[in-house]
$ cat entry-v1.tsv   # TSV, C-alpha atoms
chain	number	residue	atom	x	y	z
A	15	VAL	CA	-16.55	33.41	27.59
A	16	ASN	CA	-20.35	33.28	27.78
A	17	GLY	CA	-19.97	30.83	30.62
A	18	SER	CA	-22.02	27.95	29.26
A	19	HIS	CA	-19.30	25.93	27.51
A	20	THR	CA	-15.85	24.80	28.53
A	21	GLU	CA	-13.40	25.21	25.69
A	22	MET	CA	-11.02	22.35	24.98
A	23	GLY	CA	-7.91	24.46	25.31
A	24	GLU	CA	-8.88	25.46	28.84
A	25	LEU	CA	-9.00	21.94	30.21
A	26	ARG	CA	-6.44	20.76	32.70
A	27	TRP	CA	-5.68	17.08	32.84
A	28	SER	CA	-4.66	15.67	36.19
A	29	PRO	CA	-2.12	12.83	36.28
A	30	ALA	CA	-4.95	10.38	37.03
A	31	GLU	CA	-6.94	11.69	34.08
A	32	LYS	CA	-3.92	11.47	31.81
A	33	ALA	CA	-3.50	7.84	32.79
A	34	ILE	CA	-7.15	7.14	31.94
A	35	ALA	CA	-6.86	9.02	28.67
A	36	ARG	CA	-3.69	7.23	27.69
A	37	ARG	CA	-5.06	3.80	28.49
A	38	THR	CA	-8.35	4.41	26.68
A	39	PHE	CA	-6.58	5.87	23.66
A	40	GLU	CA	-4.04	3.06	23.37
A	41	ARG	CA	-6.65	0.38	23.80
A	42	ALA	CA	-8.86	1.83	21.03
A	43	LEU	CA	-5.87	2.26	18.73
A	44	GLY	CA	-4.69	-1.27	19.40
A	45	LYS	CA	-8.14	-2.68	18.63
A	46	GLU	CA	-8.44	-0.70	15.42
A	47	LEU	CA	-5.02	-1.91	14.28
A	48	GLN	CA	-5.98	-5.48	15.10
A	49	GLU	CA	-9.09	-5.06	12.95
A	50	VAL	CA	-6.92	-4.03	10.00
A	51	ILE	CA	-4.62	-6.99	10.60
A	52	GLY	CA	-7.67	-9.27	10.70
A	53	GLU	CA	-9.01	-7.77	7.48
A	54	VAL	CA	-5.69	-8.30	5.67
A	55	LYS	CA	-5.48	-11.90	6.88
A	56	ALA	CA	-9.04	-12.48	5.67
A	57	ARG	CA	-8.50	-10.82	2.27
A	58	ALA	CA	-5.12	-12.29	1.36
A	59	PRO	CA	-6.28	-15.86	0.70
A	60	ARG	CA	-9.01	-14.51	-1.59
A	61	ILE	CA	-6.61	-12.56	-3.82
A	62	GLU	CA	-6.88	-13.89	-7.35
A	63	GLU	CA	-6.09	-11.07	-9.73
A	64	PRO	CA	-3.64	-8.19	-9.83
A	65	ALA	CA	-6.58	-5.82	-9.24
A	66	ASP	CA	-7.11	-7.50	-5.85
A	67	LEU	CA	-3.47	-6.72	-4.96
A	68	TRP	CA	-3.80	-3.02	-5.69
A	69	ASP	CA	-7.14	-2.92	-3.88
A	70	LEU	CA	-5.34	-4.27	-0.84
A	71	GLU	CA	-2.59	-1.69	-1.24
A	72	ARG	CA	-5.18	1.12	-1.41
A	73	TYR	CA	-7.01	-0.30	1.58
A	74	LEU	CA	-3.78	-0.29	3.63
A	75	THR	CA	-2.84	3.23	2.57
A	76	ARG	CA	-6.31	4.54	3.40
A	77	LYS	CA	-6.34	2.85	6.80
A	78	ARG	CA	-2.86	4.10	7.67
A	79	GLN	CA	-3.84	7.67	6.82
A	80	GLU	CA	-7.18	7.41	8.63
A	81	ILE	CA	-5.57	6.01	11.76
A	82	ASP	CA	-2.76	8.58	11.67
A	83	ARG	CA	-5.28	11.39	11.53
A	84	LYS	CA	-7.75	9.95	14.00
A	85	TYR	CA	-5.36	9.02	16.82
A	86	ASP	CA	-3.92	12.41	17.69
A	87	TYR	CA	-2.79	12.34	21.32
A	88	ARG	CA	-2.57	16.04	22.09
A	89	TYR	CA	-4.51	17.14	25.13
A	90	SER	CA	-5.77	20.14	23.18
A	91	VAL	CA	-7.71	17.89	20.78
A	92	LEU	CA	-8.18	14.78	22.89
A	93	PRO	CA	-11.84	15.50	23.78
A	94	LEU	CA	-12.63	15.56	20.05
A	95	VAL	CA	-10.68	12.37	19.51
A	96	PHE	CA	-12.65	10.67	22.27
A	97	ALA	CA	-15.91	12.13	20.93
A	98	ARG	CA	-15.25	10.48	17.61
A	99	LEU	CA	-14.22	7.19	19.18
A	100	LEU	CA	-17.37	7.28	21.31
A	101	HIS	CA	-19.47	7.98	18.23
A	102	GLU	CA	-17.82	5.03	16.46
A	103	ARG	CA	-18.40	2.88	19.54
A	104	ARG	CA	-14.69	2.18	19.80
A	105	ILE	CA	-14.78	3.37	23.40
A	106	THR	CA	-17.64	3.62	25.91
A	107	GLU	CA	-18.63	6.24	28.45
A	108	GLU	CA	-17.63	3.66	31.00
A	109	ASP	CA	-14.00	3.91	29.84
A	110	LEU	CA	-14.07	7.64	30.56
A	111	ARG	CA	-16.13	7.52	33.75
A	112	ASP	CA	-13.34	8.81	35.97
A	113	LEU	CA	-12.60	11.90	33.94
A	114	ARG	CA	-13.85	15.20	35.38
A	115	GLN	CA	-17.36	16.26	34.52
A	116	ASP	CA	-16.27	19.18	32.30
A	117	LYS	CA	-14.38	16.78	30.01
A	118	LEU	CA	-17.13	14.21	29.96
A	119	ASP	CA	-19.66	16.86	28.98
A	120	LEU	CA	-17.44	18.13	26.22
A	121	ILE	CA	-16.81	14.62	24.88
A	122	ARG	CA	-20.51	13.71	24.98
A	123	ARG	CA	-21.50	16.94	23.29
A	124	GLY	CA	-18.86	16.29	20.64
A	125	ALA	CA	-20.14	12.77	20.02
A	126	GLU	CA	-23.69	14.08	19.65
A	127	THR	CA	-22.55	16.74	17.22
A	128	ILE	CA	-20.75	14.15	15.11
A	129	SER	CA	-23.90	11.97	15.07
A	130	ARG	CA	-25.84	14.88	13.62
A	131	LEU	CA	-23.35	15.57	10.82
B	28	VAL	CA	25.42	5.33	-38.58
B	29	ASN	CA	28.76	3.59	-38.21
B	30	GLY	CA	27.08	0.44	-39.48
B	31	SER	CA	27.90	-1.86	-36.61
B	32	HIS	CA	24.83	-1.41	-34.39
B	33	THR	CA	21.13	-1.38	-35.11
B	34	GLU	CA	19.39	1.34	-33.15
B	35	MET	CA	16.16	0.46	-31.40
B	36	GLY	CA	14.11	3.16	-33.03
B	37	GLU	CA	14.99	1.80	-36.47
B	38	LEU	CA	13.55	-1.64	-35.92
B	39	ARG	CA	10.43	-2.75	-37.74
B	40	TRP	CA	8.27	-5.36	-36.11
B	41	SER	CA	6.41	-7.74	-38.42
B	42	PRO	CA	2.96	-8.96	-37.36
B	43	ALA	CA	4.48	-12.34	-36.47
B	44	GLU	CA	7.13	-10.66	-34.35
B	45	LYS	CA	4.55	-8.50	-32.66
B	46	ALA	CA	2.63	-11.63	-31.72
B	47	ILE	CA	5.77	-13.20	-30.24
B	48	ALA	CA	6.62	-10.01	-28.40
B	49	ARG	CA	3.14	-9.63	-26.99
B	50	ARG	CA	2.93	-13.23	-25.84
B	51	THR	CA	6.37	-13.15	-24.20
B	52	PHE	CA	5.68	-9.82	-22.56
B	53	GLU	CA	2.30	-10.84	-21.17
B	54	ARG	CA	3.57	-14.15	-19.91
B	55	ALA	CA	6.46	-12.54	-18.02
B	56	LEU	CA	4.17	-9.87	-16.59
B	57	GLY	CA	1.62	-12.48	-15.53
B	58	LYS	CA	4.29	-14.53	-13.79
B	59	GLU	CA	5.70	-11.54	-11.99
B	60	LEU	CA	2.23	-10.55	-10.78
B	61	GLN	CA	1.61	-14.09	-9.60
B	62	GLU	CA	4.85	-13.93	-7.62
B	63	VAL	CA	3.61	-10.82	-5.84
B	64	ILE	CA	0.27	-12.50	-5.14
B	65	GLY	CA	2.15	-15.51	-3.75
B	66	GLU	CA	4.31	-13.28	-1.56
B	67	VAL	CA	1.27	-11.48	-0.12
B	68	LYS	CA	-0.48	-14.78	0.61
B	69	ALA	CA	2.68	-16.03	2.33
B	70	ARG	CA	3.21	-12.85	4.38
B	71	ALA	CA	-0.35	-12.19	5.51
B	72	PRO	CA	-0.64	-15.09	7.96
B	73	ARG	CA	2.63	-13.99	9.59
B	74	ILE	CA	1.47	-10.42	10.27
B	75	GLU	CA	1.57	-9.81	14.02
B	76	GLU	CA	2.24	-6.14	14.58
B	77	PRO	CA	1.17	-2.90	12.94
B	78	ALA	CA	4.71	-2.52	11.58
B	79	ASP	CA	4.16	-5.71	9.57
B	80	LEU	CA	1.07	-4.11	8.00
B	81	TRP	CA	2.91	-1.02	6.85
B	82	ASP	CA	5.79	-3.16	5.60
B	83	LEU	CA	3.28	-4.99	3.46
B	84	GLU	CA	1.84	-1.72	2.20
B	85	ARG	CA	5.33	-0.48	1.26
B	86	TYR	CA	6.10	-3.79	-0.43
B	87	LEU	CA	2.95	-3.52	-2.55
B	88	THR	CA	3.59	0.10	-3.49
B	89	ARG	CA	7.17	-0.68	-4.47
B	90	LYS	CA	6.16	-3.69	-6.56
B	91	ARG	CA	3.39	-1.77	-8.31
B	92	GLN	CA	5.79	1.02	-9.23
B	93	GLU	CA	8.54	-1.41	-10.30
B	94	ILE	CA	6.16	-3.40	-12.48
B	95	ASP	CA	4.62	-0.26	-13.99
B	96	ARG	CA	8.05	0.99	-14.98
B	97	LYS	CA	9.44	-2.33	-16.14
B	98	TYR	CA	6.59	-3.49	-18.35
B	99	ASP	CA	6.50	-0.75	-20.95
B	100	TYR	CA	5.04	-2.15	-24.16
B	101	ARG	CA	6.22	0.42	-26.69
B	102	TYR	CA	8.09	-1.02	-29.64
B	103	SER	CA	10.64	1.76	-29.32
B	104	VAL	CA	11.78	0.45	-25.93
B	105	LEU	CA	10.76	-3.20	-26.15
B	106	PRO	CA	14.27	-4.52	-26.86
B	107	LEU	CA	15.44	-2.93	-23.59
B	108	VAL	CA	12.45	-4.36	-21.77
B	109	PHE	CA	13.27	-7.83	-23.08
B	110	ALA	CA	16.97	-7.32	-22.30
B	111	ARG	CA	16.10	-6.69	-18.69
B	112	LEU	CA	13.67	-9.60	-18.52
B	113	LEU	CA	16.34	-11.84	-20.03
B	114	HIS	CA	18.88	-10.61	-17.51
B	115	GLU	CA	16.42	-11.34	-14.70
B	116	ARG	CA	15.73	-14.77	-16.21
B	117	ARG	CA	12.06	-13.95	-16.49
B	118	ILE	CA	12.19	-14.87	-20.17
B	119	THR	CA	14.61	-17.06	-22.14
B	120	GLU	CA	16.27	-16.69	-25.52
B	121	GLU	CA	14.06	-19.57	-26.55
B	122	ASP	CA	10.99	-17.36	-26.06
B	123	LEU	CA	12.43	-14.85	-28.53
B	124	ARG	CA	13.91	-17.36	-30.99
B	125	ASP	CA	11.64	-16.37	-33.85
B	126	LEU	CA	12.41	-12.68	-33.74
B	127	ARG	CA	14.70	-11.34	-36.45
B	128	GLN	CA	18.42	-11.49	-35.86
B	129	ASP	CA	18.84	-7.72	-35.54
B	130	LYS	CA	16.42	-7.65	-32.61
B	131	LEU	CA	17.92	-10.71	-30.97
B	132	ASP	CA	21.38	-9.18	-31.15
B	133	LEU	CA	20.16	-5.94	-29.65
B	134	ILE	CA	18.34	-7.72	-26.84
B	135	ARG	CA	21.34	-9.95	-26.04
B	136	ARG	CA	23.72	-7.02	-26.09
B	137	GLY	CA	21.35	-5.14	-23.79
B	138	ALA	CA	21.20	-8.05	-21.34
B	139	GLU	CA	25.01	-8.26	-21.29
B	140	THR	CA	25.28	-4.55	-20.67
B	141	ILE	CA	22.85	-4.80	-17.76
B	142	SER	CA	24.86	-7.69	-16.29
B	143	ARG	CA	27.93	-5.52	-16.29
B	144	LEU	CA	26.26	-2.58	-14.52
$ encode --input "entry-v1.tsv" --output "structure tokens"
Amino acid sequence: VNGSHTEMGELRWSPAEKAIARRTFERALGKELQEVIGEVKARAPRIEEPADLWDLERYLTRKRQEIDRKYDYRYSVLPLVFARLLHERRITEEDLRDLRQDKLDLIRRGAETISRL
Amino acid sequence: VNGSHTEMGELRWSPAEKAIARRTFERALGKELQEVIGEVKARAPRIEEPADLWDLERYLTRKRQEIDRKYDYRYSVLPLVFARLLHERRITEEDLRDLRQDKLDLIRRGAETISRL
């Protein structure tokens, strides 16, 4: 309204942008899931006591909930999702290069805000 | 009351019987936990997809709940606990041999009842 910021809800995503968004999103999600798989494979051989079992269960539950919440593919929240992934270095600005400038600005601003939290 | 059955709540456990009960209980619990540990170690290397991860999480949650419910060390329910463990062949009559006859009868009858369910 005051003209300086684009609001997320106002953004239009072109088909080309949707393709970029989808690819970037899926790739980050896939990598994060592979990290969890790697962690489970690394932890399993070291399980000695029942407590280690329930630690693994809690780890899996926490990761599932985190991933469910983080990877929300609705265009209305996608800039925030990408801002967080950028902040966590799960994606790069390079991945998003071909998005329109208004989205890139919003995502960068979001990532900077998260860094300051 | 009708003289033919001993009720669980009426049973007295001597110190020697308590020692037998405790040892048998802990050994069965320890073995069951080791089985779960073995299963996790066997499954982890075969995890390929995210679905395998969440299957493992569900398996762990289910086992934790099952084990929590099954291994209830209160003397008032212990004959039923042993009846179930006997039915599942997690303990043998030999393990319980030195309990008093009233308890052995109750445990055996319980195991037979479970088999018929």
$ closest_residue --input "entry-v1.tsv" --among "B:Lys130, B:Arg116, B:Arg143, B:Arg73" --to "chain A" --atoms "only C-alpha atoms"
B:Arg73
$ axis_aligned_box --input "entry-v1.tsv" --around "segment 77-92 of chain B" --padding-each-side "8 Å" --output "JSON"
{"center_x": 4.1, "center_y": -2.3, "center_z": 1.9, "size_x": 22.1, "size_y": 22.7, "size_z": 38.2}
$ closest_atom_pairs --input "entry-v1.tsv" --of "chain A" --to "chain B" --cutoff "12 Å" --atoms "all atoms listed in the file" --output "Markdown table"
| residue | atom | partner | partner_atom | distance |
| --- | --- | --- | --- | --- |
| A:Leu43 | CA | B:Pro77 | CA | 10.5 |
| A:Gly44 | CA | B:Pro77 | CA | 8.9 |
| A:Lys45 | CA | B:Pro77 | CA | 10.9 |
| A:Glu46 | CA | B:Pro77 | CA | 10.2 |
| A:Leu47 | CA | B:Pro77 | CA | 6.4 |
| A:Gln48 | CA | B:Pro77 | CA | 7.9 |
| A:Glu49 | CA | B:Pro77 | CA | 10.5 |
| A:Val50 | CA | B:Leu80 | CA | 8.2 |
| A:Ile51 | CA | B:Leu80 | CA | 6.9 |
| A:Gly52 | CA | B:Ile74 | CA | 9.2 |
| A:Glu53 | CA | B:Ala71 | CA | 9.9 |
| A:Val54 | CA | B:Ala71 | CA | 6.6 |
| A:Lys55 | CA | B:Ala71 | CA | 5.3 |
| A:Ala56 | CA | B:Ala71 | CA | 8.7 |
| A:Arg57 | CA | B:Ala71 | CA | 8.9 |
| A:Ala58 | CA | B:Lys68 | CA | 5.3 |
| A:Pro59 | CA | B:Lys68 | CA | 5.9 |
| A:Arg60 | CA | B:Lys68 | CA | 8.8 |
| A:Ile61 | CA | B:Ile64 | CA | 7.0 |
| A:Glu62 | CA | B:Ile64 | CA | 7.6 |
| A:Glu63 | CA | B:Ile64 | CA | 8.0 |
| A:Pro64 | CA | B:Leu60 | CA | 6.4 |
| A:Ala65 | CA | B:Leu60 | CA | 10.1 |
| A:Asp66 | CA | B:Ile64 | CA | 8.9 |
| A:Leu67 | CA | B:Ile64 | CA | 6.9 |
| A:Trp68 | CA | B:Leu87 | CA | 7.5 |
| A:Asp69 | CA | B:Leu87 | CA | 10.2 |
| A:Leu70 | CA | B:Glu84 | CA | 8.2 |
| A:Glu71 | CA | B:Glu84 | CA | 5.6 |
| A:Arg72 | CA | B:Glu84 | CA | 8.4 |
| A:Tyr73 | CA | B:Glu84 | CA | 9.0 |
| A:Leu74 | CA | B:Glu84 | CA | 6.0 |
| A:Thr75 | CA | B:Glu84 | CA | 6.8 |
| A:Arg76 | CA | B:Glu84 | CA | 10.3 |
| A:Lys77 | CA | B:Trp81 | CA | 10.0 |
| A:Arg78 | CA | B:Trp81 | CA | 7.8 |
| A:Gln79 | CA | B:Trp81 | CA | 11.0 |
| A:Ile81 | CA | B:Pro77 | CA | 11.2 |
$ write_last_selection --input "entry-v1.tsv" --atoms "C-alpha atoms" --output "mmCIF file, in the coordinates of the input"
data_model
loop_
_atom_site.group_PDB
_atom_site.id
_atom_site.type_symbol
_atom_site.label_atom_id
_atom_site.label_comp_id
_atom_site.auth_asym_id
_atom_site.auth_seq_id
_atom_site.Cartn_x
_atom_site.Cartn_y
_atom_site.Cartn_z
ATOM 1 C CA LEU A 43 -5.870 2.260 18.730
ATOM 2 C CA GLY A 44 -4.690 -1.270 19.400
ATOM 3 C CA LYS A 45 -8.140 -2.680 18.630
ATOM 4 C CA GLU A 46 -8.440 -0.700 15.420
ATOM 5 C CA LEU A 47 -5.020 -1.910 14.280
ATOM 6 C CA GLN A 48 -5.980 -5.480 15.100
ATOM 7 C CA GLU A 49 -9.090 -5.060 12.950
ATOM 8 C CA VAL A 50 -6.920 -4.030 10.000
ATOM 9 C CA ILE A 51 -4.620 -6.990 10.600
ATOM 10 C CA GLY A 52 -7.670 -9.270 10.700
ATOM 11 C CA GLU A 53 -9.010 -7.770 7.480
ATOM 12 C CA VAL A 54 -5.690 -8.300 5.670
ATOM 13 C CA LYS A 55 -5.480 -11.900 6.880
ATOM 14 C CA ALA A 56 -9.040 -12.480 5.670
ATOM 15 C CA ARG A 57 -8.500 -10.820 2.270
ATOM 16 C CA ALA A 58 -5.120 -12.290 1.360
ATOM 17 C CA PRO A 59 -6.280 -15.860 0.700
ATOM 18 C CA ARG A 60 -9.010 -14.510 -1.590
ATOM 19 C CA ILE A 61 -6.610 -12.560 -3.820
ATOM 20 C CA GLU A 62 -6.880 -13.890 -7.350
ATOM 21 C CA GLU A 63 -6.090 -11.070 -9.730
ATOM 22 C CA PRO A 64 -3.640 -8.190 -9.830
ATOM 23 C CA ALA A 65 -6.580 -5.820 -9.240
ATOM 24 C CA ASP A 66 -7.110 -7.500 -5.850
ATOM 25 C CA LEU A 67 -3.470 -6.720 -4.960
ATOM 26 C CA TRP A 68 -3.800 -3.020 -5.690
ATOM 27 C CA ASP A 69 -7.140 -2.920 -3.880
ATOM 28 C CA LEU A 70 -5.340 -4.270 -0.840
ATOM 29 C CA GLU A 71 -2.590 -1.690 -1.240
ATOM 30 C CA ARG A 72 -5.180 1.120 -1.410
ATOM 31 C CA TYR A 73 -7.010 -0.300 1.580
ATOM 32 C CA LEU A 74 -3.780 -0.290 3.630
ATOM 33 C CA THR A 75 -2.840 3.230 2.570
ATOM 34 C CA ARG A 76 -6.310 4.540 3.400
ATOM 35 C CA LYS A 77 -6.340 2.850 6.800
ATOM 36 C CA ARG A 78 -2.860 4.100 7.670
ATOM 37 C CA GLN A 79 -3.840 7.670 6.820
ATOM 38 C CA ILE A 81 -5.570 6.010 11.760
#
$ atom_distance --input "entry-v1.tsv" --atom1 "atom CA of Arg101 of chain B" --atom2 "atom CA of Glu139 of chain B"
21.4 Å
$ atom_distance --input "entry-v1.tsv" --atom1 "atom CA of Arg111 of chain B" --atom2 "atom CA of Arg49 of chain B"
15.7 Å
$ atom_distance --input "entry-v1.tsv" --atom1 "atom CA of Glu107 of chain A" --atom2 "atom CA of Lys84 of chain A"
18.5 Å
$ residues_around --input "entry-v1.tsv" --residues "Trp40 of chain B" --least-positions-apart "6" --cutoff "12 Å" --atoms "all atoms listed in the file" --output "PDB file with C-alpha atoms, keeping the file's coordinate frame"
ATOM      1  CA  ALA B  46       2.630 -11.630 -31.720  1.00  0.00           C
ATOM      2  CA  ILE B  47       5.770 -13.200 -30.240  1.00  0.00           C
ATOM      3  CA  ALA B  48       6.620 -10.010 -28.400  1.00  0.00           C
ATOM      4  CA  ARG B  49       3.140  -9.630 -26.990  1.00  0.00           C
ATOM      5  CA  ARG B 101       6.220   0.420 -26.690  1.00  0.00           C
ATOM      6  CA  TYR B 102       8.090  -1.020 -29.640  1.00  0.00           C
ATOM      7  CA  SER B 103      10.640   1.760 -29.320  1.00  0.00           C
ATOM      8  CA  LEU B 105      10.760  -3.200 -26.150  1.00  0.00           C
ATOM      9  CA  PRO B 106      14.270  -4.520 -26.860  1.00  0.00           C
ATOM     10  CA  ASP B 125      11.640 -16.370 -33.850  1.00  0.00           C
ATOM     11  CA  LEU B 126      12.410 -12.680 -33.740  1.00  0.00           C
ATOM     12  CA  ARG B 127      14.700 -11.340 -36.450  1.00  0.00           C
ATOM     13  CA  GLN B 128      18.420 -11.490 -35.860  1.00  0.00           C
ATOM     14  CA  ASP B 129      18.840  -7.720 -35.540  1.00  0.00           C
ATOM     15  CA  LYS B 130      16.420  -7.650 -32.610  1.00  0.00           C
TER      16      LYS B 130
END
$ closest_residue --input "entry-v1.tsv" --among "B:Leu123, B:Leu131, B:Ala55, B:Ile141" --to "Ala43 of chain B" --atoms "all atoms listed in the file"
B:Leu123
$ decode --input "entry-v1.tsv" --residues "segment 65-86 of chain B" --atoms "N, CA, C and O atoms" --output "short mmCIF file (atom, residue, chain, number, x, y, z; two decimals), in the first residue's frame"
data_model
loop_
_atom_site.label_atom_id
_atom_site.label_comp_id
_atom_site.auth_asym_id
_atom_site.auth_seq_id
_atom_site.Cartn_x
_atom_site.Cartn_y
_atom_site.Cartn_z
N GLY B 65 17.91 -55.20 16.99
CA GLY B 65 18.35 -56.01 15.84
C GLY B 65 17.57 -55.67 14.58
O GLY B 65 18.13 -55.57 13.48
N GLU B 66 16.27 -55.48 14.76
CA GLU B 66 15.41 -55.16 13.61
C GLU B 66 15.80 -53.80 13.02
O GLU B 66 15.88 -53.66 11.79
N VAL B 67 16.05 -52.82 13.88
CA VAL B 67 16.44 -51.49 13.37
C VAL B 67 17.78 -51.57 12.64
O VAL B 67 17.95 -50.99 11.56
N LYS B 68 18.71 -52.31 13.20
CA LYS B 68 20.02 -52.44 12.55
C LYS B 68 19.89 -53.16 11.20
O LYS B 68 20.65 -52.89 10.26
N ALA B 69 18.94 -54.08 11.11
CA ALA B 69 18.74 -54.81 9.85
C ALA B 69 18.02 -53.94 8.81
O ALA B 69 18.29 -54.03 7.62
N ARG B 70 17.08 -53.10 9.29
CA ARG B 70 16.30 -52.30 8.35
C ARG B 70 17.05 -51.09 7.84
O ARG B 70 16.85 -50.67 6.69
N ALA B 71 17.85 -50.47 8.70
CA ALA B 71 18.47 -49.18 8.35
C ALA B 71 19.25 -49.23 7.03
O ALA B 71 19.08 -48.34 6.18
N PRO B 72 20.07 -50.25 6.82
CA PRO B 72 20.85 -50.25 5.57
C PRO B 72 19.97 -50.39 4.33
O PRO B 72 20.39 -50.06 3.22
N ARG B 73 18.73 -50.87 4.52
CA ARG B 73 17.85 -51.08 3.36
C ARG B 73 16.95 -49.88 3.09
O ARG B 73 16.11 -49.92 2.18
N ILE B 74 17.09 -48.82 3.89
CA ILE B 74 16.26 -47.63 3.67
C ILE B 74 16.67 -46.97 2.36
O ILE B 74 17.85 -46.67 2.16
N GLU B 75 15.72 -46.76 1.48
CA GLU B 75 16.01 -46.09 0.21
C GLU B 75 15.20 -44.83 0.03
O GLU B 75 15.69 -43.84 -0.49
N GLU B 76 13.94 -44.90 0.43
CA GLU B 76 13.03 -43.78 0.17
C GLU B 76 12.53 -43.19 1.48
O GLU B 76 12.53 -43.86 2.50
N PRO B 77 12.04 -41.96 1.40
CA PRO B 77 11.44 -41.34 2.59
C PRO B 77 10.39 -42.24 3.24
O PRO B 77 10.31 -42.34 4.46
N ALA B 78 9.59 -42.93 2.43
CA ALA B 78 8.55 -43.78 3.02
C ALA B 78 9.15 -44.83 3.95
O ALA B 78 8.55 -45.19 4.97
N ASP B 79 10.35 -45.30 3.62
CA ASP B 79 11.01 -46.29 4.48
C ASP B 79 11.36 -45.67 5.84
O ASP B 79 11.34 -46.35 6.87
N LEU B 80 11.71 -44.38 5.83
CA LEU B 80 12.02 -43.68 7.08
C LEU B 80 10.81 -43.64 8.00
O LEU B 80 10.90 -43.92 9.19
N TRP B 81 9.68 -43.24 7.40
CA TRP B 81 8.49 -43.06 8.24
C TRP B 81 7.91 -44.42 8.64
O TRP B 81 7.28 -44.53 9.70
N ASP B 82 8.17 -45.44 7.85
CA ASP B 82 7.81 -46.80 8.28
C ASP B 82 8.62 -47.18 9.51
O ASP B 82 8.10 -47.78 10.46
N LEU B 83 9.89 -46.82 9.49
CA LEU B 83 10.75 -47.14 10.63
C LEU B 83 10.28 -46.36 11.87
O LEU B 83 10.24 -46.91 12.97
N GLU B 84 9.92 -45.10 11.68
CA GLU B 84 9.42 -44.32 12.81
C GLU B 84 8.17 -44.98 13.39
O GLU B 84 8.05 -45.13 14.61
N ARG B 85 7.24 -45.37 12.52
CA ARG B 85 6.00 -46.00 13.00
C ARG B 85 6.30 -47.31 13.70
O ARG B 85 5.68 -47.64 14.72
N TYR B 86 7.23 -48.08 13.16
CA TYR B 86 7.63 -49.34 13.79
C TYR B 86 8.13 -49.08 15.22
O TYR B 86 7.74 -49.76 16.17
#
